[in-house]
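Below is upload13.txt, which holds compact mmCIF, C-alpha atoms.
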# COMPACT_ATOMS: atom_id res chain seq x y z
CA MET R 15 0.00 0.00 0.00
CA ASN R 16 1.30 3.44 -0.93
CA GLY R 17 0.75 5.51 2.21
CA SER R 18 -1.86 5.33 4.97
CA PRO R 19 -5.56 4.55 4.40
CA GLU R 20 -6.33 8.24 4.82
CA GLN R 21 -3.79 9.13 2.14
CA LEU R 22 -5.23 6.48 -0.18
CA GLU R 23 -8.73 7.91 0.29
CA ALA R 24 -7.60 11.48 -0.29
CA ARG R 25 -5.53 10.53 -3.35
CA THR R 26 -8.31 8.47 -4.92
CA LEU R 27 -11.03 11.07 -4.48
CA MET R 28 -8.74 13.83 -5.69
CA LYS R 29 -8.11 11.88 -8.90
CA VAL R 30 -11.83 11.24 -9.33
CA SER R 31 -12.68 14.90 -8.77
CA LEU R 32 -10.04 16.23 -11.15
CA ARG R 33 -11.14 13.78 -13.83
CA LEU R 34 -14.93 14.12 -13.54
CA LEU R 35 -15.99 17.38 -11.92
CA PRO R 36 -14.64 19.98 -14.39
CA LEU R 37 -16.36 18.31 -17.34
CA ILE R 38 -19.63 17.72 -15.47
CA VAL R 39 -19.79 21.32 -14.23
CA VAL R 40 -19.24 22.60 -17.77
CA LEU R 41 -21.93 20.27 -19.13
CA TYR R 42 -24.48 21.38 -16.54
CA CYS R 43 -23.56 25.00 -17.21
CA ILE R 44 -24.36 24.52 -20.90
CA ALA R 45 -27.60 22.70 -20.07
CA TYR R 46 -28.73 25.49 -17.78
CA ILE R 47 -27.90 28.19 -20.31
CA ASP R 48 -29.90 26.42 -23.02
CA ARG R 49 -32.97 25.99 -20.84
CA THR R 50 -32.97 29.54 -19.42
CA ASN R 51 -31.55 31.77 -22.17
CA VAL R 52 -35.15 32.30 -23.21
CA SER R 53 -35.33 34.85 -20.37
CA PHE R 54 -32.93 37.11 -22.30
CA ALA R 55 -34.29 36.31 -25.72
CA ALA R 56 -37.64 37.47 -24.35
CA LEU R 57 -36.40 41.06 -24.13
CA THR R 58 -36.95 41.37 -27.91
CA MET R 59 -38.49 38.02 -28.89
CA ASN R 60 -41.80 38.58 -27.09
CA GLN R 61 -42.69 41.52 -29.31
CA ASP R 62 -41.59 39.76 -32.50
CA LEU R 63 -43.63 36.63 -31.74
CA GLY R 64 -46.57 38.44 -30.16
CA LEU R 65 -46.11 36.96 -26.69
CA SER R 66 -47.76 38.60 -23.67
CA ALA R 67 -46.17 38.10 -20.24
CA SER R 68 -48.61 35.31 -19.40
CA VAL R 69 -48.20 33.54 -22.76
CA TYR R 70 -44.43 33.84 -22.50
CA GLY R 71 -44.51 32.49 -18.94
CA PHE R 72 -46.68 29.52 -19.90
CA SER R 73 -44.58 28.72 -22.99
CA ALA R 74 -41.28 29.05 -21.10
CA GLY R 75 -42.60 26.76 -18.39
CA ILE R 76 -43.95 24.08 -20.75
CA PHE R 77 -40.31 22.94 -21.00
CA PHE R 78 -40.75 21.32 -17.60
CA VAL R 79 -43.85 19.38 -18.64
CA GLY R 80 -41.83 17.59 -21.33
CA TYR R 81 -39.05 17.22 -18.78
CA PHE R 82 -41.48 15.68 -16.27
CA ILE R 83 -42.95 13.11 -18.67
CA PHE R 84 -39.62 11.68 -19.82
CA GLU R 85 -37.49 12.10 -16.68
CA VAL R 86 -37.93 8.72 -14.97
CA PRO R 87 -37.64 6.60 -18.16
CA SER R 88 -34.51 8.51 -19.15
CA ASN R 89 -32.78 7.91 -15.82
CA LEU R 90 -33.67 4.21 -15.84
CA ILE R 91 -32.10 3.90 -19.30
CA LEU R 92 -28.96 5.65 -18.01
CA GLU R 93 -28.74 3.17 -15.11
CA LYS R 94 -29.01 0.30 -17.61
CA ILE R 95 -26.71 1.37 -20.46
CA GLY R 96 -24.32 3.75 -18.70
CA ALA R 97 -23.89 7.51 -18.36
CA ARG R 98 -21.37 8.07 -21.17
CA VAL R 99 -23.56 7.10 -24.13
CA TRP R 100 -26.84 8.32 -22.69
CA ILE R 101 -25.59 11.75 -21.58
CA ALA R 102 -24.05 12.29 -25.03
CA ARG R 103 -27.39 11.41 -26.66
CA ILE R 104 -29.23 13.85 -24.41
CA MET R 105 -26.81 16.67 -25.24
CA ILE R 106 -26.97 16.23 -29.01
CA THR R 107 -30.77 16.15 -28.94
CA TRP R 108 -31.24 19.21 -26.77
CA GLY R 109 -28.62 21.17 -28.71
CA ILE R 110 -30.49 20.59 -31.98
CA VAL R 111 -33.89 21.50 -30.52
CA SER R 112 -32.49 24.59 -28.80
CA ALA R 113 -31.04 25.87 -32.08
CA ILE R 114 -34.30 25.23 -33.93
CA THR R 115 -36.12 27.42 -31.38
CA ALA R 116 -34.57 30.37 -33.19
CA PHE R 117 -37.01 29.75 -36.03
CA ALA R 118 -40.23 29.84 -34.00
CA THR R 119 -42.79 31.97 -35.84
CA GLY R 120 -45.42 32.57 -33.16
CA PRO R 121 -46.82 31.43 -29.80
CA ALA R 122 -47.80 27.93 -31.00
CA SER R 123 -44.45 26.96 -32.54
CA PHE R 124 -42.55 28.48 -29.63
CA LEU R 125 -44.63 26.45 -27.16
CA VAL R 126 -44.08 23.18 -29.08
CA LEU R 127 -40.32 23.73 -29.29
CA ARG R 128 -40.06 24.49 -25.57
CA PHE R 129 -41.91 21.24 -24.82
CA LEU R 130 -39.58 19.29 -27.11
CA LEU R 131 -36.53 20.89 -25.49
CA GLY R 132 -37.72 19.65 -22.10
CA ALA R 133 -38.27 16.15 -23.46
CA ALA R 134 -34.79 16.18 -25.04
CA GLU R 135 -33.02 17.29 -21.85
CA ALA R 136 -34.98 14.96 -19.53
CA GLY R 137 -32.69 12.81 -17.45
CA PHE R 138 -29.58 14.97 -17.65
CA PHE R 139 -29.55 16.44 -14.15
CA PRO R 140 -30.83 13.40 -12.21
CA GLY R 141 -28.41 11.36 -14.29
CA MET R 142 -25.56 13.48 -12.92
CA ILE R 143 -26.82 13.07 -9.33
CA LEU R 144 -27.05 9.30 -9.86
CA TYR R 145 -23.60 9.28 -11.50
CA PHE R 146 -22.09 10.84 -8.37
CA THR R 147 -23.40 7.91 -6.29
CA TYR R 148 -21.25 5.63 -8.46
CA TRP R 149 -18.09 7.54 -7.60
CA TYR R 150 -18.38 9.32 -4.24
CA PRO R 151 -18.99 7.98 -0.71
CA SER R 152 -21.92 9.63 1.06
CA ALA R 153 -19.73 11.81 3.28
CA TYR R 154 -18.51 13.71 0.20
CA ARG R 155 -21.74 14.19 -1.72
CA GLY R 156 -22.79 17.53 -0.22
CA ARG R 157 -19.57 19.17 -1.37
CA VAL R 158 -19.64 17.44 -4.72
CA ILE R 159 -23.25 18.43 -5.39
CA SER R 160 -22.51 22.02 -4.35
CA THR R 161 -19.67 21.96 -6.89
CA LEU R 162 -22.12 20.77 -9.55
CA PHE R 163 -24.54 23.55 -8.66
CA ILE R 164 -21.83 26.14 -9.17
CA ALA R 165 -22.85 25.66 -12.80
CA GLN R 166 -26.20 27.36 -12.14
CA PRO R 167 -25.00 30.79 -11.01
CA ILE R 168 -22.10 30.60 -13.47
CA ALA R 169 -24.53 29.74 -16.28
CA ASN R 170 -26.89 32.53 -15.32
CA ALA R 171 -24.05 35.03 -15.10
CA VAL R 172 -22.49 33.92 -18.39
CA ALA R 173 -25.84 33.82 -20.15
CA ALA R 174 -26.66 37.28 -18.84
CA VAL R 175 -23.49 38.84 -20.22
CA VAL R 176 -23.23 36.84 -23.44
CA SER R 177 -26.92 37.05 -24.30
CA GLY R 178 -26.99 40.78 -23.63
CA ALA R 179 -24.01 41.24 -25.94
CA ILE R 180 -25.59 39.07 -28.67
CA LEU R 181 -28.84 41.01 -28.50
CA GLN R 182 -27.00 44.31 -28.85
CA TYR R 183 -24.22 43.51 -31.32
CA VAL R 184 -25.34 40.55 -33.49
CA ASP R 185 -28.88 41.72 -34.20
CA GLY R 186 -29.51 41.69 -37.97
CA VAL R 187 -26.48 39.59 -38.98
CA LEU R 188 -27.44 37.26 -41.87
CA GLY R 189 -30.98 38.54 -41.56
CA LEU R 190 -31.54 37.03 -38.11
CA ARG R 191 -32.70 38.96 -35.07
CA GLY R 192 -30.53 39.09 -31.96
CA TRP R 193 -32.81 36.75 -30.00
CA GLN R 194 -32.52 34.17 -32.78
CA TRP R 195 -28.73 34.28 -32.56
CA VAL R 196 -29.02 33.74 -28.79
CA PHE R 197 -30.60 30.33 -29.41
CA VAL R 198 -28.32 29.32 -32.29
CA LEU R 199 -24.95 30.33 -30.84
CA GLU R 200 -25.65 29.09 -27.32
CA ALA R 201 -26.82 25.68 -28.60
CA LEU R 202 -23.56 24.83 -30.38
CA PRO R 203 -21.48 23.92 -27.27
CA ALA R 204 -23.95 21.16 -26.30
CA VAL R 205 -23.47 19.31 -29.59
CA VAL R 206 -19.68 19.75 -29.58
CA LEU R 207 -19.25 18.65 -25.96
CA ALA R 208 -21.36 15.53 -26.53
CA PHE R 209 -18.40 14.08 -28.45
CA VAL R 210 -16.05 15.03 -25.59
CA VAL R 211 -18.33 13.03 -23.27
CA LEU R 212 -18.14 10.01 -25.55
CA ALA R 213 -14.36 10.23 -25.59
CA THR R 214 -13.62 10.91 -21.92
CA MET R 215 -16.46 9.98 -19.53
CA THR R 216 -16.02 6.75 -17.53
CA ASP R 217 -19.14 4.87 -16.47
CA ARG R 218 -17.95 3.11 -13.28
CA PRO R 219 -14.83 2.89 -11.08
CA SER R 220 -14.30 -0.73 -12.14
CA VAL R 221 -13.34 0.40 -15.66
CA ALA R 222 -11.39 3.52 -14.65
CA THR R 223 -7.97 2.79 -16.12
CA TRP R 224 -6.80 6.20 -14.87
CA LEU R 225 -7.01 4.87 -11.28
CA THR R 226 -4.50 2.36 -9.94
CA GLN R 227 -5.71 -1.11 -8.99
CA GLU R 228 -5.34 -0.19 -5.32
CA GLU R 229 -7.42 2.96 -5.78
CA ARG R 230 -10.14 1.14 -7.73
CA THR R 231 -10.34 -1.59 -5.11
CA TRP R 232 -10.61 0.88 -2.23
CA LEU R 233 -13.30 2.96 -3.93
CA GLU R 234 -15.42 0.00 -5.02
CA ARG R 235 -15.19 -1.58 -1.57
CA ARG R 236 -16.19 1.67 0.17
CA LEU R 237 -19.19 2.23 -2.10
CA THR R 238 -20.26 -1.42 -1.90
CA GLU R 239 -20.18 -1.31 1.90
CA GLU R 240 -22.40 1.77 1.91
CA ARG R 241 -24.90 0.19 -0.48
CA GLN R 242 -24.99 -2.96 1.61
CA GLN R 243 -25.62 -0.92 4.76
CA ILE R 244 -28.59 0.75 3.07
CA ASP R 245 -29.87 -2.59 1.78
CA ARG R 246 -29.67 -4.14 5.26
CA ALA R 247 -31.91 -1.34 6.54
CA GLY R 248 -34.51 -2.46 4.00
CA ARG R 249 -33.90 -2.50 0.27
CA LEU R 250 -36.70 -0.92 -1.71
CA SER R 251 -37.81 -1.98 -5.17
CA LEU R 252 -38.25 0.65 -7.84
CA TRP R 253 -42.02 0.83 -7.35
CA GLN R 254 -41.73 0.85 -3.56
CA ALA R 255 -39.28 3.75 -3.82
CA LEU R 256 -41.55 5.77 -6.10
CA ALA R 257 -44.42 5.40 -3.60
CA ASP R 258 -42.30 5.87 -0.46
CA PRO R 259 -43.51 8.78 1.73
CA ARG R 260 -39.93 10.01 2.05
CA VAL R 261 -39.65 10.33 -1.74
CA ILE R 262 -43.01 12.10 -1.92
CA ALA R 263 -41.95 14.51 0.83
CA LEU R 264 -38.66 15.24 -0.94
CA SER R 265 -40.56 15.82 -4.19
CA LEU R 266 -42.82 18.43 -2.54
CA MET R 267 -39.86 20.13 -0.89
CA TYR R 268 -38.08 20.38 -4.21
CA LEU R 269 -41.20 21.53 -6.05
CA THR R 270 -41.58 24.59 -3.83
CA SER R 271 -37.87 25.42 -3.94
CA VAL R 272 -37.67 25.11 -7.72
CA THR R 273 -40.76 27.30 -8.09
CA ALA R 274 -38.95 30.10 -6.27
CA ASN R 275 -35.77 29.54 -8.28
CA TYR R 276 -37.28 29.64 -11.75
CA GLY R 277 -39.45 32.62 -10.95
CA ILE R 278 -36.20 34.51 -10.44
CA VAL R 279 -34.46 33.02 -13.47
CA PHE R 280 -37.20 33.66 -16.03
CA PHE R 281 -38.13 37.18 -14.92
CA MET R 282 -35.06 38.79 -13.37
CA PRO R 283 -33.85 40.23 -16.72
CA GLN R 284 -37.24 41.88 -17.25
CA ILE R 285 -37.28 43.20 -13.67
CA VAL R 286 -33.79 44.66 -14.14
CA LYS R 287 -34.71 46.03 -17.58
CA ASN R 288 -37.47 48.06 -15.89
CA LEU R 289 -34.69 50.15 -14.32
CA ASN R 290 -34.27 51.72 -17.80
CA LEU R 291 -31.04 49.94 -18.71
CA SER R 292 -29.73 48.86 -22.11
CA ASP R 293 -29.75 45.17 -23.06
CA LEU R 294 -25.99 44.91 -22.48
CA THR R 295 -26.13 46.66 -19.10
CA THR R 296 -29.13 44.54 -18.12
CA GLY R 297 -26.99 41.47 -18.77
CA PHE R 298 -24.13 42.66 -16.57
CA VAL R 299 -26.41 43.80 -13.72
CA THR R 300 -28.41 40.56 -13.82
CA ALA R 301 -25.20 38.58 -13.45
CA VAL R 302 -24.39 40.11 -10.05
CA PRO R 303 -26.90 38.17 -7.87
CA TYR R 304 -25.83 34.89 -9.46
CA ILE R 305 -22.13 35.53 -8.91
CA ILE R 306 -22.64 36.41 -5.25
CA GLY R 307 -25.11 33.53 -4.89
CA THR R 308 -22.22 31.14 -5.50
CA ILE R 309 -20.90 32.03 -2.04
CA GLY R 310 -24.03 30.65 -0.42
CA LEU R 311 -23.86 27.51 -2.50
CA LEU R 312 -20.28 26.71 -1.51
CA ALA R 313 -20.77 27.68 2.13
CA TRP R 314 -23.85 25.50 2.58
CA GLY R 315 -22.22 22.54 0.84
CA TYR R 316 -19.13 22.69 3.03
CA SER R 317 -21.07 23.22 6.25
CA SER R 318 -23.61 20.48 5.47
CA ASP R 319 -20.83 17.92 4.96
CA ARG R 320 -18.73 19.27 7.84
CA PHE R 321 -21.54 18.72 10.35
CA ASN R 322 -23.09 15.78 8.49
CA GLU R 323 -26.45 17.54 8.75
CA ARG R 324 -28.95 18.19 5.97
CA ARG R 325 -32.33 19.12 7.44
CA TRP R 326 -31.60 22.38 9.27
CA HIS R 327 -29.23 23.54 6.56
CA LEU R 328 -32.08 23.15 4.07
CA ILE R 329 -34.53 24.98 6.32
CA ALA R 330 -32.16 27.91 6.92
CA ALA R 331 -31.31 28.23 3.23
CA SER R 332 -34.97 28.19 2.21
CA CYS R 333 -35.82 30.88 4.78
CA LEU R 334 -33.00 33.08 3.46
CA GLY R 335 -34.38 32.63 -0.06
CA GLY R 336 -37.90 33.57 1.04
CA ALA R 337 -36.72 36.62 2.98
CA GLY R 338 -34.70 37.86 0.01
CA LEU R 339 -37.66 37.56 -2.36
CA LEU R 340 -39.95 39.28 0.12
CA PHE R 341 -37.49 42.18 0.38
CA ALA R 342 -37.21 42.34 -3.41
CA GLY R 343 -40.99 42.56 -3.72
CA LEU R 344 -41.20 45.42 -1.24
CA LEU R 345 -38.58 47.42 -3.19
CA HIS R 346 -39.13 46.01 -6.69
CA ASN R 347 -38.74 49.34 -8.52
CA SER R 348 -35.29 50.13 -7.12
CA TYR R 349 -31.78 48.76 -7.09
CA TRP R 350 -32.48 47.49 -3.57
CA ALA R 351 -34.50 44.74 -5.22
CA LEU R 352 -31.19 43.37 -6.53
CA ALA R 353 -29.94 43.05 -2.96
CA GLY R 354 -33.03 41.02 -2.11
CA MET R 355 -32.66 38.77 -5.15
CA THR R 356 -28.97 38.31 -4.34
CA ALA R 357 -29.88 37.03 -0.87
CA ALA R 358 -32.56 34.85 -2.45
CA THR R 359 -30.11 33.23 -4.87
CA MET R 360 -27.66 32.57 -2.02
CA GLY R 361 -30.37 30.78 -0.08
CA ILE R 362 -31.98 28.88 -2.93
CA TYR R 363 -28.68 27.69 -4.39
CA GLY R 364 -27.38 26.87 -0.92
CA SER R 365 -30.38 24.64 -0.29
CA ARG R 366 -29.38 22.31 -3.14
CA ALA R 367 -26.19 21.16 -1.41
CA SER R 368 -28.25 20.08 1.62
CA PHE R 369 -31.12 18.59 -0.34
CA TRP R 370 -29.61 16.31 -2.99
CA PRO R 371 -27.52 14.05 -0.73
CA MET R 372 -30.78 12.95 0.96
CA PRO R 373 -32.21 10.42 -1.57
CA SER R 374 -29.03 8.34 -1.83
CA MET R 375 -28.99 7.94 1.96
CA PHE R 376 -31.83 5.41 1.82
CA LEU R 377 -31.92 4.31 -1.84
CA THR R 378 -29.61 2.32 -4.12
CA GLY R 379 -29.61 0.86 -7.63
CA ALA R 380 -32.69 1.17 -9.82
CA ALA R 381 -34.69 2.47 -6.84
CA ALA R 382 -32.27 5.37 -6.50
CA ALA R 383 -32.30 6.02 -10.27
CA GLY R 384 -36.09 6.10 -10.43
CA ALA R 385 -36.66 8.03 -7.21
CA ILE R 386 -34.03 10.70 -7.94
CA ALA R 387 -35.58 11.18 -11.38
CA LEU R 388 -39.10 11.36 -9.90
CA ILE R 389 -38.05 13.92 -7.28
CA ASN R 390 -36.37 16.04 -9.93
CA ALA R 391 -39.28 15.64 -12.36
CA ILE R 392 -41.94 16.67 -9.84
CA GLY R 393 -39.71 19.42 -8.48
CA ASN R 394 -39.07 20.86 -11.89
CA LEU R 395 -42.78 21.29 -12.48
CA GLY R 396 -42.08 24.38 -10.41
CA GLY R 397 -40.37 25.65 -13.54
CA ALA R 398 -43.78 25.49 -15.24
CA ILE R 399 -45.71 26.90 -12.30
CA ALA R 400 -43.49 29.90 -11.54
CA PRO R 401 -43.38 31.62 -14.96
CA SER R 402 -47.07 30.96 -15.58
CA VAL R 403 -48.18 32.43 -12.25
CA VAL R 404 -45.75 35.36 -12.26
CA GLY R 405 -46.60 36.14 -15.90
CA LYS R 406 -50.33 36.21 -15.17
CA ILE R 407 -49.79 38.39 -12.11
CA LYS R 408 -47.67 40.79 -14.17
CA ASP R 409 -50.35 41.03 -16.89
CA SER R 410 -53.14 41.63 -14.37
CA THR R 411 -51.33 44.08 -12.07
CA GLY R 412 -48.73 45.66 -14.37
CA SER R 413 -46.06 44.94 -11.76
CA PHE R 414 -43.77 42.15 -10.58
CA GLU R 415 -44.36 42.97 -6.90
CA ALA R 416 -47.09 40.41 -6.14
CA GLY R 417 -45.25 37.82 -8.24
CA LEU R 418 -42.17 38.19 -6.02
CA TYR R 419 -44.37 37.68 -2.95
CA PHE R 420 -45.66 34.46 -4.52
CA LEU R 421 -42.10 33.25 -5.05
CA ALA R 422 -41.21 34.17 -1.45
CA ALA R 423 -44.15 32.10 -0.23
CA ALA R 424 -42.88 29.14 -2.27
CA ALA R 425 -39.43 29.36 -0.65
CA PHE R 426 -40.92 29.57 2.84
CA ALA R 427 -43.19 26.62 1.99
CA CYS R 428 -40.10 24.49 1.35
CA ALA R 429 -38.88 25.25 4.88
CA VAL R 430 -42.30 24.46 6.36
CA ILE R 431 -42.61 21.14 4.52
CA THR R 432 -39.10 20.18 5.62
CA ILE R 433 -39.96 20.91 9.25
CA ILE R 434 -43.14 18.83 9.02
CA ALA R 435 -41.68 15.93 7.04
CA ALA R 436 -38.24 15.57 8.57
CA ARG R 437 -37.33 13.71 11.72
CA ALA R 438 -37.32 15.79 14.85
CA SER R 439 -34.25 14.03 16.22
CA ALA R 440 -31.25 16.32 16.36
CA PRO R 441 -28.33 13.88 15.90
CA PRO R 442 -27.63 13.50 12.17
CA GLN R 443 -27.37 9.97 10.79
CA GLU R 444 -25.32 9.12 7.71
CA ASP R 445 -27.73 6.39 6.70
CA SER R 446 -30.86 8.52 6.99
CA ALA R 447 -32.22 11.28 4.82
CA GLY R 448 -33.73 12.90 7.88
CA VAL R 449 -37.17 12.40 6.37
CA VAL R 450 -39.94 10.60 8.21
CA LYS R 451 -39.90 6.87 7.58
CA PRO R 452 -43.29 5.19 7.91
CA ALA R 453 -43.82 2.78 10.76
CA GLU R 454 -43.07 -0.81 9.90

Kindly transcribe the structure held in the file into structure tokens.
Amino acid sequence: MNGSPEQLEARTLMKVSLRLLPLIVVLYCIAYIDRTNVSFAALTMNQDLGLSASVYGFSAGIFFVGYFIFEVPSNLILEKIGARVWIARIMITWGIVSAITAFATGPASFLVLRFLLGAAEAGFFPGMILYFTYWYPSAYRGRVISTLFIAQPIANAVAAVVSGAILQYVDGVLGLRGWQWVFVLEALPAVVLAFVVLATMTDRPSVATWLTQEERTWLERRLTEERQQIDRAGRLSLWQALADPRVIALSLMYLTSVTANYGIVFFMPQIVKNLNLSDLTTGFVTAVPYIIGTIGLLAWGYSSDRFNERRWHLIAASCLGGAGLLFAGLLHNSYWALAGMTAATMGIYGSRASFWPMPSMFLTGAAAAGAIALINAIGNLGGAIAPSVVGKIKDSTGSFEAGLYFLAAAAFACAVITIIAARASAPPQEDSAGVVKPAE
């Protein structure tokens, strides 16, 4: 053995992280840009396609209906055939559909293309969460998932700046409007990187030739022991997992949190634009809350792993998100609203690092694949709810104020559901999600 067991563990996980995390973060960044760049395209697209705020909100959110329908089947296929091939397929498909969105001609075609984009991307994110369970012991998953979620604020910040620049400087090139170029140019990386995935992604530690035999053996043994510990506590079948009250509770918690998140994502550029800024300046200003929100994400991930505690970290993060949105609603016509939305992004992004380690604490195998996909699918229906509700409120009131209050209520609801559903016992347990388990 080269070094102590602690050195072997540190060396192995460092190799895994350096090999896998940079690529996965970039992939998720691209995925997030392609699903949310519609928020910047909307600055000029809505008028060209004749979209009101409510029609835009409904059409933007229909993405998550397609996502919901195909999420569980997609993740089960990934579990069966491996992440490398299936993730590459997902990326090529969504890249093509995203580019075609540039040629929508009205509300109907835009709606159909958004639905197809959701269907194409279904399975990508829960596939990544499942993929981490193949490579990382449970004690590391909070930090790893927080690293993955760095892609969200980075994607939002990059999309804000790049999309704003495209709208201002590429408008009219080759006869295409700026919003059309947003879809075309930002779809290309997904297709290109799909071939990088095929060339470099490794499905399981057992076939990782870039690890030594000693490192592979240690990692496989550690992960096998954890799975066996979960199985001894009561292995669930796929269908038992999908109906388990803990999975249902986690789905509701994620639904409310995602509702708050996507309300911010899809309407923040329009809220900022109301401060009488140019498209380019709107992009730079919109990037600020996402950049600062990264601090909350990293802090919550580190703290959640450090104390091996998920429940109260999730509750605190959700309350911070709700308070920030409430503050933004009270001062929605001023730059102070940005301070509120910055606090909201810190809380909402921070909650992810506490939330996503929970399912793998009581699920393995196909049950984990199906349940993680179901939680993500139900949760992401919040991406359909938020823009539809906020858009209708904006059309009926002429203001985003009440819409921000709705989003604040959603964030607070996540905290309330967590308090009700989670165990009241204070000592954290590595083999428990902290969610109420039904009596035997």

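Excluding stretch 71-82 of chain R and any residue on its chain fewer than 2 positions from it, the residues at most 7 Å away by only C-alpha atoms are Ala67, Ser68, Val69, Phe84, Glu85, Phe124, Leu125, Arg128, Phe129, Leu130, Leu131, Gly132, Ala133, Glu135, Ala136, Ala391, Ile392, Asn394, Leu395, Gly397, Ala398, Ile399, Pro401, Ser402 and Gly405 of chain R.
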
Save out the residues we just selected, C-alpha atoms, as a compact mmCIF listing (two decimals), in the coordinates of the input.
# COMPACT_ATOMS: atom_id res chain seq x y z
CA ALA R 67 -46.17 38.10 -20.24
CA SER R 68 -48.61 35.31 -19.40
CA VAL R 69 -48.20 33.54 -22.76
CA PHE R 84 -39.62 11.68 -19.82
CA GLU R 85 -37.49 12.10 -16.68
CA PHE R 124 -42.55 28.48 -29.63
CA LEU R 125 -44.63 26.45 -27.16
CA ARG R 128 -40.06 24.49 -25.57
CA PHE R 129 -41.91 21.24 -24.82
CA LEU R 130 -39.58 19.29 -27.11
CA LEU R 131 -36.53 20.89 -25.49
CA GLY R 132 -37.72 19.65 -22.10
CA ALA R 133 -38.27 16.15 -23.46
CA GLU R 135 -33.02 17.29 -21.85
CA ALA R 136 -34.98 14.96 -19.53
CA ALA R 391 -39.28 15.64 -12.36
CA ILE R 392 -41.94 16.67 -9.84
CA ASN R 394 -39.07 20.86 -11.89
CA LEU R 395 -42.78 21.29 -12.48
CA GLY R 397 -40.37 25.65 -13.54
CA ALA R 398 -43.78 25.49 -15.24
CA ILE R 399 -45.71 26.90 -12.30
CA PRO R 401 -43.38 31.62 -14.96
CA SER R 402 -47.07 30.96 -15.58
CA GLY R 405 -46.60 36.14 -15.90

Please measure the separation of atom CA of R:Ala357 and atom CA of R:Val302, giving the value in Å to one decimal. 11.1 Å

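In this structure, atom CA of R:Ala255 sits 25.8 Å away from atom CA of R:Gly315.
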
If we draw a sphere of 9 Å around (-33.0, 42.5, -4.0), which residues have at least one atom in it when counting all atoms listed in the file? Please report them as an MDAnalysis selection string. chainID R and resid 303 338:343 345:346 348:358

Using all atoms listed in the file, determine which residues lie at most 10 Å from R:Asp62, disregarding the query and same-chain residues fewer than 6 positions distant; provide the list as a list in words. Ala56, Thr119, Gly120, Arg191 and Trp193 of chain R

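As for atom CA of R:Ala153 and atom CA of R:Asn322, they are spaced 7.4 Å apart.
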
Give as a PDB file with C-alpha atoms, in the coordinates of the input each residue that has an atom at most 7 Å from (-27.8, 11.2, -5.6) in the file, counting all atoms listed in the file.
ATOM      1  CA  ILE R 143     -26.820  13.070  -9.330  1.00  0.00           C
ATOM      2  CA  LEU R 144     -27.050   9.300  -9.860  1.00  0.00           C
ATOM      3  CA  PHE R 146     -22.090  10.840  -8.370  1.00  0.00           C
ATOM      4  CA  THR R 147     -23.400   7.910  -6.290  1.00  0.00           C
ATOM      5  CA  TRP R 370     -29.610  16.310  -2.990  1.00  0.00           C
ATOM      6  CA  PRO R 371     -27.520  14.050  -0.730  1.00  0.00           C
ATOM      7  CA  PRO R 373     -32.210  10.420  -1.570  1.00  0.00           C
ATOM      8  CA  SER R 374     -29.030   8.340  -1.830  1.00  0.00           C
ATOM      9  CA  ILE R 386     -34.030  10.700  -7.940  1.00  0.00           C
TER      10      ILE R 386
END

Determine, counting only C-alpha atoms, which protein, DNA and RNA residues have an atom within 6 Å of an atom of R:Gly178; residues of the same chain fewer than 6 positions away are not included. Present the result as a PyMOL selection string. chain R and resi 293-294+297

Would you mind telling me which residue in R:Trp326, R:Phe280, R:Trp149, R:Phe163 lies nearest to R:Leu225 when using all atoms listed in the file? R:Trp149

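Between R:Asp185 and the candidates R:Met59, R:Trp314, R:Val279, R:Ser160, the tightest atom-to-atom separation, counting all atoms listed in the file, involves R:Met59.
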
Using only C-alpha atoms, determine which residues lie at most 12 Å from R:Arg320, disregarding the query and same-chain residues fewer than 4 positions distant; provide the list as a ChimeraX atom specification. /R:153-157,313-316,324,327,368,442

I'd like the contact shell of stretch 32-49 of chain R - 9 Å cut-off, only C-alpha atoms, skipping same-chain residues fewer than 6 positions apart - returned as a CSV table (one decimal) with C-alpha atoms, keeping the file's coordinate frame.
chain,number,residue,atom,x,y,z
R,74,ALA,CA,-41.3,29.0,-21.1
R,77,PHE,CA,-40.3,22.9,-21.0
R,105,MET,CA,-26.8,16.7,-25.2
R,108,TRP,CA,-31.2,19.2,-26.8
R,109,GLY,CA,-28.6,21.2,-28.7
R,112,SER,CA,-32.5,24.6,-28.8
R,128,ARG,CA,-40.1,24.5,-25.6
R,131,LEU,CA,-36.5,20.9,-25.5
R,132,GLY,CA,-37.7,19.6,-22.1
R,135,GLU,CA,-33.0,17.3,-21.8
R,138,PHE,CA,-29.6,15.0,-17.6
R,139,PHE,CA,-29.6,16.4,-14.2
R,142,MET,CA,-25.6,13.5,-12.9
R,158,VAL,CA,-19.6,17.4,-4.7
R,161,THR,CA,-19.7,22.0,-6.9
R,162,LEU,CA,-22.1,20.8,-9.6
R,163,PHE,CA,-24.5,23.6,-8.7
R,164,ILE,CA,-21.8,26.1,-9.2
R,165,ALA,CA,-22.8,25.7,-12.8
R,166,GLN,CA,-26.2,27.4,-12.1
R,167,PRO,CA,-25.0,30.8,-11.0
R,168,ILE,CA,-22.1,30.6,-13.5
R,169,ALA,CA,-24.5,29.7,-16.3
R,170,ASN,CA,-26.9,32.5,-15.3
R,172,VAL,CA,-22.5,33.9,-18.4
R,173,ALA,CA,-25.8,33.8,-20.2
R,197,PHE,CA,-30.6,30.3,-29.4
R,200,GLU,CA,-25.6,29.1,-27.3
R,201,ALA,CA,-26.8,25.7,-28.6
R,203,PRO,CA,-21.5,23.9,-27.3
R,204,ALA,CA,-24.0,21.2,-26.3
R,207,LEU,CA,-19.2,18.6,-26.0
R,208,ALA,CA,-21.4,15.5,-26.5
R,210,VAL,CA,-16.0,15.0,-25.6
R,211,VAL,CA,-18.3,13.0,-23.3
R,214,THR,CA,-13.6,10.9,-21.9
R,215,MET,CA,-16.5,10.0,-19.5
R,216,THR,CA,-16.0,6.8,-17.5
R,224,TRP,CA,-6.8,6.2,-14.9
